[in-house]
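Colleague: I'm passing along target.cif; it holds mmCIF, N, CA and C atoms.
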data_structure
loop_
_atom_site.label_atom_id
_atom_site.label_comp_id
_atom_site.auth_asym_id
_atom_site.auth_seq_id
_atom_site.Cartn_x
_atom_site.Cartn_y
_atom_site.Cartn_z
N MET A 1 115.53 109.13 92.27
CA MET A 1 114.60 108.93 91.16
C MET A 1 113.67 107.78 91.48
N THR A 2 112.40 108.01 91.39
CA THR A 2 111.41 106.98 91.68
C THR A 2 111.35 105.98 90.53
N SER A 3 111.22 104.74 90.89
CA SER A 3 111.21 103.67 89.89
C SER A 3 109.83 103.53 89.24
N ASP A 4 109.84 102.87 88.08
CA ASP A 4 108.58 102.55 87.41
C ASP A 4 107.72 101.66 88.29
N ARG A 5 108.35 100.80 89.07
CA ARG A 5 107.62 99.89 89.97
C ARG A 5 106.83 100.70 91.00
N VAL A 6 107.44 101.74 91.54
CA VAL A 6 106.74 102.59 92.52
C VAL A 6 105.53 103.24 91.85
N ILE A 7 105.71 103.79 90.68
CA ILE A 7 104.61 104.44 89.95
C ILE A 7 103.50 103.42 89.68
N ASP A 8 103.86 102.24 89.20
CA ASP A 8 102.87 101.20 88.91
C ASP A 8 102.08 100.81 90.15
N LEU A 9 102.78 100.66 91.28
CA LEU A 9 102.10 100.30 92.52
C LEU A 9 101.20 101.44 93.02
N LEU A 10 101.65 102.67 92.88
CA LEU A 10 100.81 103.81 93.25
C LEU A 10 99.55 103.86 92.39
N ARG A 11 99.70 103.62 91.11
CA ARG A 11 98.54 103.63 90.21
C ARG A 11 97.58 102.48 90.55
N LYS A 12 98.12 101.31 90.87
CA LYS A 12 97.27 100.19 91.28
C LYS A 12 96.54 100.53 92.57
N ALA A 13 97.26 101.07 93.54
CA ALA A 13 96.66 101.43 94.82
C ALA A 13 95.55 102.46 94.62
N TYR A 14 95.77 103.45 93.76
CA TYR A 14 94.75 104.46 93.49
C TYR A 14 93.49 103.80 92.93
N SER A 15 93.66 102.96 91.92
CA SER A 15 92.51 102.27 91.32
C SER A 15 91.78 101.40 92.34
N ASP A 16 92.54 100.70 93.15
CA ASP A 16 91.94 99.83 94.17
C ASP A 16 91.14 100.64 95.18
N GLU A 17 91.67 101.78 95.59
CA GLU A 17 90.95 102.62 96.56
C GLU A 17 89.63 103.11 95.95
N ILE A 18 89.66 103.53 94.70
CA ILE A 18 88.44 104.01 94.04
C ILE A 18 87.43 102.87 93.90
N GLU A 19 87.90 101.69 93.52
CA GLU A 19 86.99 100.54 93.40
C GLU A 19 86.40 100.19 94.77
N THR A 20 87.21 100.26 95.80
CA THR A 20 86.73 99.96 97.15
C THR A 20 85.63 100.93 97.56
N VAL A 21 85.82 102.20 97.26
CA VAL A 21 84.79 103.21 97.57
C VAL A 21 83.48 102.83 96.88
N MET A 22 83.55 102.47 95.61
CA MET A 22 82.34 102.11 94.87
C MET A 22 81.65 100.91 95.51
N ASN A 23 82.42 99.89 95.84
CA ASN A 23 81.83 98.68 96.40
C ASN A 23 81.33 98.88 97.83
N TYR A 24 82.04 99.64 98.63
CA TYR A 24 81.57 99.93 99.99
C TYR A 24 80.26 100.71 99.91
N GLN A 25 80.22 101.71 99.04
CA GLN A 25 79.00 102.52 98.90
C GLN A 25 77.83 101.64 98.47
N THR A 26 78.03 100.81 97.47
CA THR A 26 76.95 99.95 96.98
C THR A 26 76.48 99.00 98.05
N ASN A 27 77.40 98.36 98.75
CA ASN A 27 77.01 97.43 99.80
C ASN A 27 76.31 98.15 100.96
N ALA A 28 76.74 99.35 101.28
CA ALA A 28 76.08 100.12 102.34
C ALA A 28 74.64 100.47 101.96
N ILE A 29 74.37 100.54 100.68
CA ILE A 29 73.02 100.82 100.20
C ILE A 29 72.17 99.55 100.16
N VAL A 30 72.72 98.46 99.64
CA VAL A 30 71.90 97.28 99.36
C VAL A 30 71.68 96.34 100.55
N LEU A 31 72.54 96.37 101.55
CA LEU A 31 72.35 95.45 102.67
C LEU A 31 71.07 95.79 103.43
N ASP A 32 70.36 94.74 103.84
CA ASP A 32 69.11 94.90 104.59
C ASP A 32 69.18 94.13 105.89
N GLY A 33 68.37 94.57 106.83
CA GLY A 33 68.20 93.84 108.07
C GLY A 33 68.84 94.54 109.25
N VAL A 34 68.33 94.21 110.42
CA VAL A 34 68.82 94.80 111.66
C VAL A 34 70.30 94.48 111.85
N ARG A 35 70.70 93.25 111.54
CA ARG A 35 72.09 92.84 111.73
C ARG A 35 73.04 93.58 110.77
N ALA A 36 72.51 94.11 109.71
CA ALA A 36 73.35 94.78 108.71
C ALA A 36 73.71 96.20 109.10
N GLU A 37 72.99 96.79 110.03
CA GLU A 37 73.16 98.22 110.31
C GLU A 37 74.58 98.58 110.75
N GLU A 38 75.18 97.82 111.63
CA GLU A 38 76.54 98.13 112.10
C GLU A 38 77.55 98.04 110.96
N ILE A 39 77.38 97.05 110.09
CA ILE A 39 78.27 96.88 108.94
C ILE A 39 78.09 98.05 107.98
N LYS A 40 76.87 98.43 107.72
CA LYS A 40 76.60 99.55 106.82
C LYS A 40 77.23 100.83 107.35
N GLU A 41 77.10 101.07 108.63
CA GLU A 41 77.69 102.28 109.23
C GLU A 41 79.21 102.25 109.13
N SER A 42 79.80 101.10 109.37
CA SER A 42 81.25 100.98 109.27
C SER A 42 81.71 101.23 107.83
N LEU A 43 80.99 100.66 106.87
CA LEU A 43 81.33 100.88 105.46
C LEU A 43 81.24 102.36 105.10
N LYS A 44 80.19 103.02 105.56
CA LYS A 44 80.02 104.45 105.27
C LYS A 44 81.18 105.28 105.82
N GLN A 45 81.63 104.94 107.03
CA GLN A 45 82.76 105.66 107.61
C GLN A 45 84.05 105.37 106.83
N ASP A 46 84.22 104.11 106.43
CA ASP A 46 85.43 103.73 105.71
C ASP A 46 85.50 104.35 104.32
N ILE A 47 84.36 104.65 103.73
CA ILE A 47 84.33 105.28 102.41
C ILE A 47 85.15 106.57 102.43
N GLN A 48 84.93 107.39 103.45
CA GLN A 48 85.65 108.66 103.53
C GLN A 48 87.15 108.45 103.68
N GLU A 49 87.53 107.46 104.47
CA GLU A 49 88.95 107.17 104.66
C GLU A 49 89.58 106.67 103.35
N GLU A 50 88.87 105.79 102.65
CA GLU A 50 89.39 105.26 101.39
C GLU A 50 89.50 106.37 100.33
N LEU A 51 88.53 107.28 100.31
CA LEU A 51 88.63 108.43 99.41
C LEU A 51 89.84 109.29 99.74
N GLY A 52 90.10 109.44 101.03
CA GLY A 52 91.29 110.19 101.45
C GLY A 52 92.57 109.52 101.00
N HIS A 53 92.59 108.19 101.08
CA HIS A 53 93.77 107.45 100.58
C HIS A 53 93.96 107.72 99.09
N ALA A 54 92.88 107.63 98.33
CA ALA A 54 92.97 107.87 96.88
C ALA A 54 93.49 109.28 96.60
N GLU A 55 93.00 110.24 97.34
CA GLU A 55 93.45 111.63 97.16
C GLU A 55 94.95 111.76 97.44
N GLN A 56 95.41 111.18 98.54
CA GLN A 56 96.83 111.25 98.89
C GLN A 56 97.69 110.56 97.83
N ILE A 57 97.25 109.41 97.37
CA ILE A 57 98.01 108.67 96.36
C ILE A 57 98.02 109.44 95.04
N GLY A 58 96.87 109.99 94.67
CA GLY A 58 96.81 110.79 93.45
C GLY A 58 97.73 111.99 93.52
N GLN A 59 97.77 112.66 94.66
CA GLN A 59 98.67 113.81 94.83
C GLN A 59 100.13 113.38 94.75
N ARG A 60 100.43 112.21 95.32
CA ARG A 60 101.82 111.72 95.27
C ARG A 60 102.21 111.42 93.83
N LEU A 61 101.31 110.80 93.08
CA LEU A 61 101.59 110.55 91.66
C LEU A 61 101.87 111.86 90.93
N LYS A 62 101.09 112.86 91.19
CA LYS A 62 101.28 114.18 90.56
C LYS A 62 102.65 114.75 90.92
N GLN A 63 103.04 114.61 92.19
CA GLN A 63 104.35 115.11 92.64
C GLN A 63 105.49 114.38 91.93
N LEU A 64 105.23 113.14 91.52
CA LEU A 64 106.25 112.33 90.83
C LEU A 64 106.16 112.46 89.31
N ASP A 65 105.44 113.51 88.85
CA ASP A 65 105.25 113.76 87.41
C ASP A 65 104.56 112.59 86.71
N ALA A 66 103.69 111.92 87.44
CA ALA A 66 102.85 110.86 86.87
C ALA A 66 101.40 111.31 87.11
N ARG A 67 100.46 110.47 86.76
CA ARG A 67 99.07 110.83 87.01
C ARG A 67 98.29 109.60 87.44
N PRO A 68 97.25 109.83 88.24
CA PRO A 68 96.40 108.70 88.60
C PRO A 68 95.63 108.22 87.37
N PRO A 69 95.28 106.95 87.34
CA PRO A 69 94.53 106.44 86.20
C PRO A 69 93.10 106.96 86.18
N GLY A 70 92.58 107.16 84.99
CA GLY A 70 91.18 107.52 84.81
C GLY A 70 90.33 106.28 84.58
N SER A 71 89.06 106.48 84.39
CA SER A 71 88.13 105.35 84.27
C SER A 71 88.42 104.48 83.04
N ALA A 72 88.96 105.06 81.97
CA ALA A 72 89.26 104.26 80.77
C ALA A 72 90.39 103.26 81.02
N GLU A 73 91.20 103.52 82.05
CA GLU A 73 92.30 102.63 82.38
C GLU A 73 91.94 101.67 83.52
N PHE A 74 90.72 101.74 83.97
CA PHE A 74 90.29 100.99 85.13
C PHE A 74 89.89 99.56 84.78
N THR A 75 90.36 98.61 85.59
CA THR A 75 89.94 97.22 85.50
C THR A 75 89.45 96.78 86.87
N ALA A 76 88.17 96.42 86.94
CA ALA A 76 87.59 95.98 88.21
C ALA A 76 88.17 94.62 88.58
N ARG A 77 88.51 94.45 89.88
CA ARG A 77 89.12 93.21 90.33
C ARG A 77 88.50 92.65 91.61
N GLN A 78 87.62 93.39 92.24
CA GLN A 78 87.10 92.99 93.55
C GLN A 78 85.83 92.13 93.41
N ASP A 79 85.99 90.96 92.83
CA ASP A 79 84.84 90.09 92.60
C ASP A 79 84.12 89.71 93.89
N SER A 80 84.85 89.43 94.94
CA SER A 80 84.22 88.98 96.18
C SER A 80 83.52 90.11 96.94
N LEU A 81 83.72 91.34 96.52
CA LEU A 81 83.10 92.48 97.20
C LEU A 81 81.86 92.98 96.47
N GLN A 82 81.44 92.26 95.45
CA GLN A 82 80.23 92.64 94.74
C GLN A 82 79.02 92.45 95.65
N PRO A 83 77.99 93.28 95.48
CA PRO A 83 76.82 93.15 96.36
C PRO A 83 76.18 91.77 96.20
N PRO A 84 75.77 91.18 97.32
CA PRO A 84 75.20 89.84 97.27
C PRO A 84 73.80 89.84 96.65
N GLU A 85 73.43 88.71 96.05
CA GLU A 85 72.07 88.55 95.53
C GLU A 85 71.06 88.66 96.67
N ASP A 86 71.38 88.05 97.81
CA ASP A 86 70.55 88.12 99.00
C ASP A 86 70.99 89.32 99.82
N SER A 87 70.16 90.33 99.89
CA SER A 87 70.55 91.59 100.55
C SER A 87 70.74 91.45 102.06
N THR A 88 70.43 90.27 102.61
CA THR A 88 70.67 90.04 104.04
C THR A 88 71.94 89.20 104.27
N ASP A 89 72.67 88.90 103.20
CA ASP A 89 73.89 88.10 103.32
C ASP A 89 75.06 88.99 103.74
N VAL A 90 75.02 89.40 104.97
CA VAL A 90 76.02 90.31 105.51
C VAL A 90 77.40 89.64 105.56
N LEU A 91 77.43 88.36 105.86
CA LEU A 91 78.71 87.66 105.98
C LEU A 91 79.49 87.68 104.66
N SER A 92 78.81 87.58 103.53
CA SER A 92 79.54 87.62 102.26
C SER A 92 80.17 89.00 102.04
N VAL A 93 79.51 90.05 102.48
CA VAL A 93 80.08 91.40 102.36
C VAL A 93 81.29 91.53 103.28
N ILE A 94 81.16 91.03 104.51
CA ILE A 94 82.29 91.07 105.45
C ILE A 94 83.49 90.36 104.84
N ARG A 95 83.27 89.19 104.28
CA ARG A 95 84.37 88.44 103.67
C ARG A 95 84.92 89.15 102.45
N GLY A 96 84.08 89.82 101.69
CA GLY A 96 84.55 90.61 100.56
C GLY A 96 85.43 91.77 101.01
N VAL A 97 85.03 92.42 102.10
CA VAL A 97 85.84 93.50 102.67
C VAL A 97 87.19 92.95 103.10
N LEU A 98 87.19 91.80 103.75
CA LEU A 98 88.45 91.20 104.19
C LEU A 98 89.35 90.88 103.00
N ASP A 99 88.79 90.37 101.92
CA ASP A 99 89.59 90.10 100.71
C ASP A 99 90.20 91.40 100.18
N ALA A 100 89.39 92.45 100.11
CA ALA A 100 89.88 93.74 99.60
C ALA A 100 90.96 94.31 100.50
N GLU A 101 90.79 94.18 101.81
CA GLU A 101 91.80 94.69 102.75
C GLU A 101 93.09 93.89 102.64
N GLU A 102 92.99 92.58 102.49
CA GLU A 102 94.20 91.76 102.32
C GLU A 102 94.96 92.18 101.06
N ASP A 103 94.23 92.41 99.97
CA ASP A 103 94.87 92.85 98.73
C ASP A 103 95.54 94.21 98.92
N ALA A 104 94.85 95.12 99.60
CA ALA A 104 95.41 96.45 99.84
C ALA A 104 96.67 96.35 100.70
N ILE A 105 96.62 95.53 101.72
CA ILE A 105 97.78 95.36 102.60
C ILE A 105 98.96 94.82 101.81
N GLU A 106 98.72 93.86 100.96
CA GLU A 106 99.80 93.31 100.11
C GLU A 106 100.37 94.39 99.19
N THR A 107 99.49 95.19 98.59
CA THR A 107 99.94 96.26 97.70
C THR A 107 100.79 97.28 98.46
N TYR A 108 100.33 97.71 99.64
CA TYR A 108 101.07 98.73 100.38
C TYR A 108 102.38 98.18 100.93
N ARG A 109 102.42 96.91 101.30
CA ARG A 109 103.71 96.33 101.73
C ARG A 109 104.69 96.30 100.56
N SER A 110 104.20 95.95 99.38
CA SER A 110 105.05 95.96 98.18
C SER A 110 105.52 97.38 97.88
N LEU A 111 104.64 98.34 98.07
CA LEU A 111 104.99 99.74 97.81
C LEU A 111 106.04 100.23 98.81
N VAL A 112 105.91 99.85 100.06
CA VAL A 112 106.93 100.21 101.06
C VAL A 112 108.29 99.71 100.61
N ASP A 113 108.35 98.44 100.22
CA ASP A 113 109.63 97.84 99.78
C ASP A 113 110.17 98.52 98.52
N ALA A 114 109.29 98.74 97.54
CA ALA A 114 109.73 99.35 96.28
C ALA A 114 110.21 100.79 96.50
N ALA A 115 109.51 101.53 97.35
CA ALA A 115 109.90 102.91 97.61
C ALA A 115 111.22 102.96 98.37
N GLU A 116 111.41 102.04 99.29
CA GLU A 116 112.69 101.98 100.02
C GLU A 116 113.83 101.69 99.05
N GLU A 117 113.64 100.71 98.17
CA GLU A 117 114.67 100.36 97.19
C GLU A 117 114.96 101.52 96.24
N ALA A 118 113.93 102.32 95.93
CA ALA A 118 114.09 103.43 95.00
C ALA A 118 114.63 104.69 95.69
N GLY A 119 114.78 104.64 96.99
CA GLY A 119 115.26 105.83 97.71
C GLY A 119 114.21 106.92 97.73
N ASP A 120 112.95 106.55 97.89
CA ASP A 120 111.84 107.49 97.88
C ASP A 120 111.15 107.47 99.25
N PRO A 121 111.71 108.20 100.24
CA PRO A 121 111.16 108.13 101.60
C PRO A 121 109.77 108.73 101.72
N VAL A 122 109.40 109.66 100.86
CA VAL A 122 108.07 110.27 100.95
C VAL A 122 106.99 109.24 100.59
N THR A 123 107.21 108.52 99.48
CA THR A 123 106.26 107.48 99.11
C THR A 123 106.26 106.36 100.13
N GLU A 124 107.42 106.02 100.64
CA GLU A 124 107.51 104.99 101.66
C GLU A 124 106.70 105.38 102.89
N ASP A 125 106.82 106.61 103.34
CA ASP A 125 106.07 107.09 104.49
C ASP A 125 104.56 107.05 104.23
N LEU A 126 104.14 107.49 103.05
CA LEU A 126 102.72 107.45 102.68
C LEU A 126 102.21 106.00 102.72
N ALA A 127 102.98 105.09 102.15
CA ALA A 127 102.57 103.68 102.10
C ALA A 127 102.47 103.09 103.51
N VAL A 128 103.38 103.43 104.38
CA VAL A 128 103.35 102.93 105.76
C VAL A 128 102.10 103.45 106.47
N THR A 129 101.78 104.72 106.29
CA THR A 129 100.61 105.33 106.94
C THR A 129 99.32 104.67 106.46
N VAL A 130 99.18 104.52 105.14
CA VAL A 130 97.96 103.92 104.60
C VAL A 130 97.90 102.44 104.97
N LEU A 131 99.04 101.76 104.98
CA LEU A 131 99.09 100.36 105.40
C LEU A 131 98.51 100.20 106.80
N ALA A 132 98.86 101.08 107.70
CA ALA A 132 98.34 101.01 109.07
C ALA A 132 96.81 101.15 109.09
N ASP A 133 96.29 102.05 108.27
CA ASP A 133 94.83 102.22 108.17
C ASP A 133 94.16 100.94 107.66
N GLU A 134 94.75 100.35 106.62
CA GLU A 134 94.17 99.14 106.04
C GLU A 134 94.22 97.97 107.03
N GLU A 135 95.30 97.88 107.79
CA GLU A 135 95.38 96.83 108.80
C GLU A 135 94.33 97.03 109.89
N ALA A 136 94.04 98.28 110.24
CA ALA A 136 92.99 98.57 111.22
C ALA A 136 91.62 98.17 110.68
N HIS A 137 91.37 98.45 109.40
CA HIS A 137 90.10 98.03 108.79
C HIS A 137 89.97 96.50 108.83
N ARG A 138 91.06 95.82 108.49
CA ARG A 138 91.04 94.35 108.49
C ARG A 138 90.72 93.83 109.89
N THR A 139 91.34 94.40 110.91
CA THR A 139 91.08 93.97 112.28
C THR A 139 89.61 94.16 112.65
N GLU A 140 89.05 95.30 112.29
CA GLU A 140 87.64 95.57 112.58
C GLU A 140 86.74 94.52 111.92
N PHE A 141 86.99 94.23 110.65
CA PHE A 141 86.12 93.30 109.93
C PHE A 141 86.39 91.85 110.31
N ARG A 142 87.58 91.54 110.79
CA ARG A 142 87.81 90.21 111.36
C ARG A 142 86.92 90.02 112.59
N GLY A 143 86.79 91.07 113.38
CA GLY A 143 85.90 91.01 114.54
C GLY A 143 84.46 90.79 114.13
N PHE A 144 84.01 91.51 113.10
CA PHE A 144 82.65 91.31 112.59
C PHE A 144 82.46 89.87 112.12
N GLU A 145 83.46 89.35 111.39
CA GLU A 145 83.37 87.98 110.88
C GLU A 145 83.25 86.99 112.04
N LYS A 146 84.05 87.19 113.06
CA LYS A 146 84.02 86.29 114.21
C LYS A 146 82.64 86.31 114.88
N GLU A 147 82.06 87.50 115.04
CA GLU A 147 80.73 87.60 115.63
C GLU A 147 79.70 86.84 114.81
N TYR A 148 79.77 86.96 113.50
CA TYR A 148 78.80 86.28 112.63
C TYR A 148 78.99 84.77 112.63
N ARG A 149 80.25 84.33 112.68
CA ARG A 149 80.52 82.89 112.73
C ARG A 149 80.08 82.29 114.04
N ASP A 150 80.21 83.05 115.12
CA ASP A 150 79.87 82.53 116.46
C ASP A 150 78.37 82.43 116.69
N GLU A 151 77.59 83.15 115.87
CA GLU A 151 76.14 83.12 116.06
C GLU A 151 75.49 81.91 115.44
#
Please go through the file and, once you have read it, give me the structure as structure tokens.

Modeller:
Amino acid sequence: MTSDRVIDLLRKAYSDEIETVMNYQTNAIVLDGVRAEEIKESLKQDIQEELGHAEQIGQRLKQLDARPPGSAEFTARQDSLQPPEDSTDVLSVIRGVLDAEEDAIETYRSLVDAAEEAGDPVTEDLAVTVLADEEAHRTEFRGFEKEYRDE
């Protein structure tokens, strides 16, 4: 039997993935400048992966006789990932992505632990898979941050 903690973490993860898609899309639109192009392209690619995560999590919630949250239950939390006032401030977007990835990694690690404790290997496997994707995103954006700091 899956615990309430597992359901709560799955619902949080679903909301976070949807919010990330919104913020990645917005930043990919608003960033300007030659230096922004690589970041914009990376964000556009990551949007599809994050949507896939949301789909998988939503399906898992359905399998557990729960449901993903709708917009009325949504609370935005990604303050650092909001589009910058200066559309050439690529570094602030990179740092916002890193904050979002750190939060996602923390959520998925908690989900791995909660699913293991609940005896739910399917959710545990899903969390491990998505965790690996989020860690890869973090590594990519750490590289971008280093390039911007070194310039």

Colleague: Output the residue selection produced by the PyMOL selection byres (((chain A and resi 36-53 and name CA) around 7) and name CA) on the file above, formatted as a ChimeraX atom specification.

Modeller: /A:17-18,21,24-25,28,31-35,54-57,90,130

Colleague: Quick one: of A:Val30, A:Val122, A:Leu61, A:Ala132, who's nearest to A:Glu85, counting only C-alpha atoms?

Modeller: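 Comparing A:Val30, A:Val122, A:Leu61, A:Ala132 against A:Glu85, the winner is A:Val30.
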
Colleague: Counting only C-alpha atoms, select every polymer residue within 10 Å of (107.1, 105.5, 103.0) as defined in the file's coordinates, and provide the selection as an MDAnalysis selection string.

Modeller: chainID A and resid 108:109 111:116 119:131

Colleague: Produce a file of the selected residues containing N, CA and C atoms, as an mmCIF file, in the coordinates of the input.

Modeller:
data_model
loop_
_atom_site.group_PDB
_atom_site.id
_atom_site.type_symbol
_atom_site.label_atom_id
_atom_site.label_comp_id
_atom_site.auth_asym_id
_atom_site.auth_seq_id
_atom_site.Cartn_x
_atom_site.Cartn_y
_atom_site.Cartn_z
ATOM 1 N N TYR A 108 100.330 97.710 99.640
ATOM 2 C CA TYR A 108 101.070 98.730 100.380
ATOM 3 C C TYR A 108 102.380 98.180 100.930
ATOM 4 N N ARG A 109 102.420 96.910 101.300
ATOM 5 C CA ARG A 109 103.710 96.330 101.730
ATOM 6 C C ARG A 109 104.690 96.300 100.560
ATOM 7 N N LEU A 111 104.640 98.340 98.070
ATOM 8 C CA LEU A 111 104.990 99.740 97.810
ATOM 9 C C LEU A 111 106.040 100.230 98.810
ATOM 10 N N VAL A 112 105.910 99.850 100.060
ATOM 11 C CA VAL A 112 106.930 100.210 101.060
ATOM 12 C C VAL A 112 108.290 99.710 100.610
ATOM 13 N N ASP A 113 108.350 98.440 100.220
ATOM 14 C CA ASP A 113 109.630 97.840 99.780
ATOM 15 C C ASP A 113 110.170 98.520 98.520
ATOM 16 N N ALA A 114 109.290 98.740 97.540
ATOM 17 C CA ALA A 114 109.730 99.350 96.280
ATOM 18 C C ALA A 114 110.210 100.790 96.500
ATOM 19 N N ALA A 115 109.510 101.530 97.350
ATOM 20 C CA ALA A 115 109.900 102.910 97.610
ATOM 21 C C ALA A 115 111.220 102.960 98.370
ATOM 22 N N GLU A 116 111.410 102.040 99.290
ATOM 23 C CA GLU A 116 112.690 101.980 100.020
ATOM 24 C C GLU A 116 113.830 101.690 99.050
ATOM 25 N N GLY A 119 114.780 104.640 96.990
ATOM 26 C CA GLY A 119 115.260 105.830 97.710
ATOM 27 C C GLY A 119 114.210 106.920 97.730
ATOM 28 N N ASP A 120 112.950 106.550 97.890
ATOM 29 C CA ASP A 120 111.840 107.490 97.880
ATOM 30 C C ASP A 120 111.150 107.470 99.250
ATOM 31 N N PRO A 121 111.710 108.200 100.240
ATOM 32 C CA PRO A 121 111.160 108.130 101.600
ATOM 33 C C PRO A 121 109.770 108.730 101.720
ATOM 34 N N VAL A 122 109.400 109.660 100.860
ATOM 35 C CA VAL A 122 108.070 110.270 100.950
ATOM 36 C C VAL A 122 106.990 109.240 100.590
ATOM 37 N N THR A 123 107.210 108.520 99.480
ATOM 38 C CA THR A 123 106.260 107.480 99.110
ATOM 39 C C THR A 123 106.260 106.360 100.130
ATOM 40 N N GLU A 124 107.420 106.020 100.640
ATOM 41 C CA GLU A 124 107.510 104.990 101.660
ATOM 42 C C GLU A 124 106.700 105.380 102.890
ATOM 43 N N ASP A 125 106.820 106.610 103.340
ATOM 44 C CA ASP A 125 106.070 107.090 104.490
ATOM 45 C C ASP A 125 104.560 107.050 104.230
ATOM 46 N N LEU A 126 104.140 107.490 103.050
ATOM 47 C CA LEU A 126 102.720 107.450 102.680
ATOM 48 C C LEU A 126 102.210 106.000 102.720
ATOM 49 N N ALA A 127 102.980 105.090 102.150
ATOM 50 C CA ALA A 127 102.570 103.680 102.100
ATOM 51 C C ALA A 127 102.470 103.090 103.510
ATOM 52 N N VAL A 128 103.380 103.430 104.380
ATOM 53 C CA VAL A 128 103.350 102.930 105.760
ATOM 54 C C VAL A 128 102.100 103.450 106.470
ATOM 55 N N THR A 129 101.780 104.720 106.290
ATOM 56 C CA THR A 129 100.610 105.330 106.940
ATOM 57 C C THR A 129 99.320 104.670 106.460
ATOM 58 N N VAL A 130 99.180 104.520 105.140
ATOM 59 C CA VAL A 130 97.960 103.920 104.600
ATOM 60 C C VAL A 130 97.900 102.440 104.970
ATOM 61 N N LEU A 131 99.040 101.760 104.980
ATOM 62 C CA LEU A 131 99.090 100.360 105.400
ATOM 63 C C LEU A 131 98.510 100.200 106.800
#

Colleague: Around the point (93.1, 90.8, 108.8), in the coordinates given by the file, pick out the residues reaching within 8 Å, counting only C-alpha atoms, and return them as a PDB file with N, CA and C atoms, keeping the file's coordinate frame.

Modeller:
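What follows is the written file part-v2.pdb:
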ATOM      1  N   LEU A  98      87.190  91.800 103.750  1.00  0.00           N
ATOM      2  CA  LEU A  98      88.450  91.200 104.190  1.00  0.00           C
ATOM      3  C   LEU A  98      89.350  90.880 103.000  1.00  0.00           C
ATOM      4  N   GLU A 101      90.790  94.180 101.810  1.00  0.00           N
ATOM      5  CA  GLU A 101      91.800  94.690 102.750  1.00  0.00           C
ATOM      6  C   GLU A 101      93.090  93.890 102.640  1.00  0.00           C
ATOM      7  N   GLU A 102      92.990  92.580 102.490  1.00  0.00           N
ATOM      8  CA  GLU A 102      94.200  91.760 102.320  1.00  0.00           C
ATOM      9  C   GLU A 102      94.960  92.180 101.060  1.00  0.00           C
ATOM     10  N   GLU A 135      95.300  97.880 107.790  1.00  0.00           N
ATOM     11  CA  GLU A 135      95.380  96.830 108.800  1.00  0.00           C
ATOM     12  C   GLU A 135      94.330  97.030 109.890  1.00  0.00           C
ATOM     13  N   HIS A 137      91.370  98.450 109.400  1.00  0.00           N
ATOM     14  CA  HIS A 137      90.100  98.030 108.790  1.00  0.00           C
ATOM     15  C   HIS A 137      89.970  96.500 108.830  1.00  0.00           C
ATOM     16  N   ARG A 138      91.060  95.820 108.490  1.00  0.00           N
ATOM     17  CA  ARG A 138      91.040  94.350 108.490  1.00  0.00           C
ATOM     18  C   ARG A 138      90.720  93.830 109.890  1.00  0.00           C
ATOM     19  N   THR A 139      91.340  94.400 110.910  1.00  0.00           N
ATOM     20  CA  THR A 139      91.080  93.970 112.280  1.00  0.00           C
ATOM     21  C   THR A 139      89.610  94.160 112.650  1.00  0.00           C
ATOM     22  N   PHE A 141      86.990  94.230 110.650  1.00  0.00           N
ATOM     23  CA  PHE A 141      86.120  93.300 109.930  1.00  0.00           C
ATOM     24  C   PHE A 141      86.390  91.850 110.310  1.00  0.00           C
ATOM     25  N   ARG A 142      87.580  91.540 110.790  1.00  0.00           N
ATOM     26  CA  ARG A 142      87.810  90.210 111.360  1.00  0.00           C
ATOM     27  C   ARG A 142      86.920  90.020 112.590  1.00  0.00           C
TER      28      ARG A 142
END

Colleague: Pick the closest to A:Ala100 from A:Ser15, A:Thr26, A:Ser3, A:Ser80: which is it, counting only C-alpha atoms?

Modeller: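 So, comparing all the options, the nearest one is A:Ser80.
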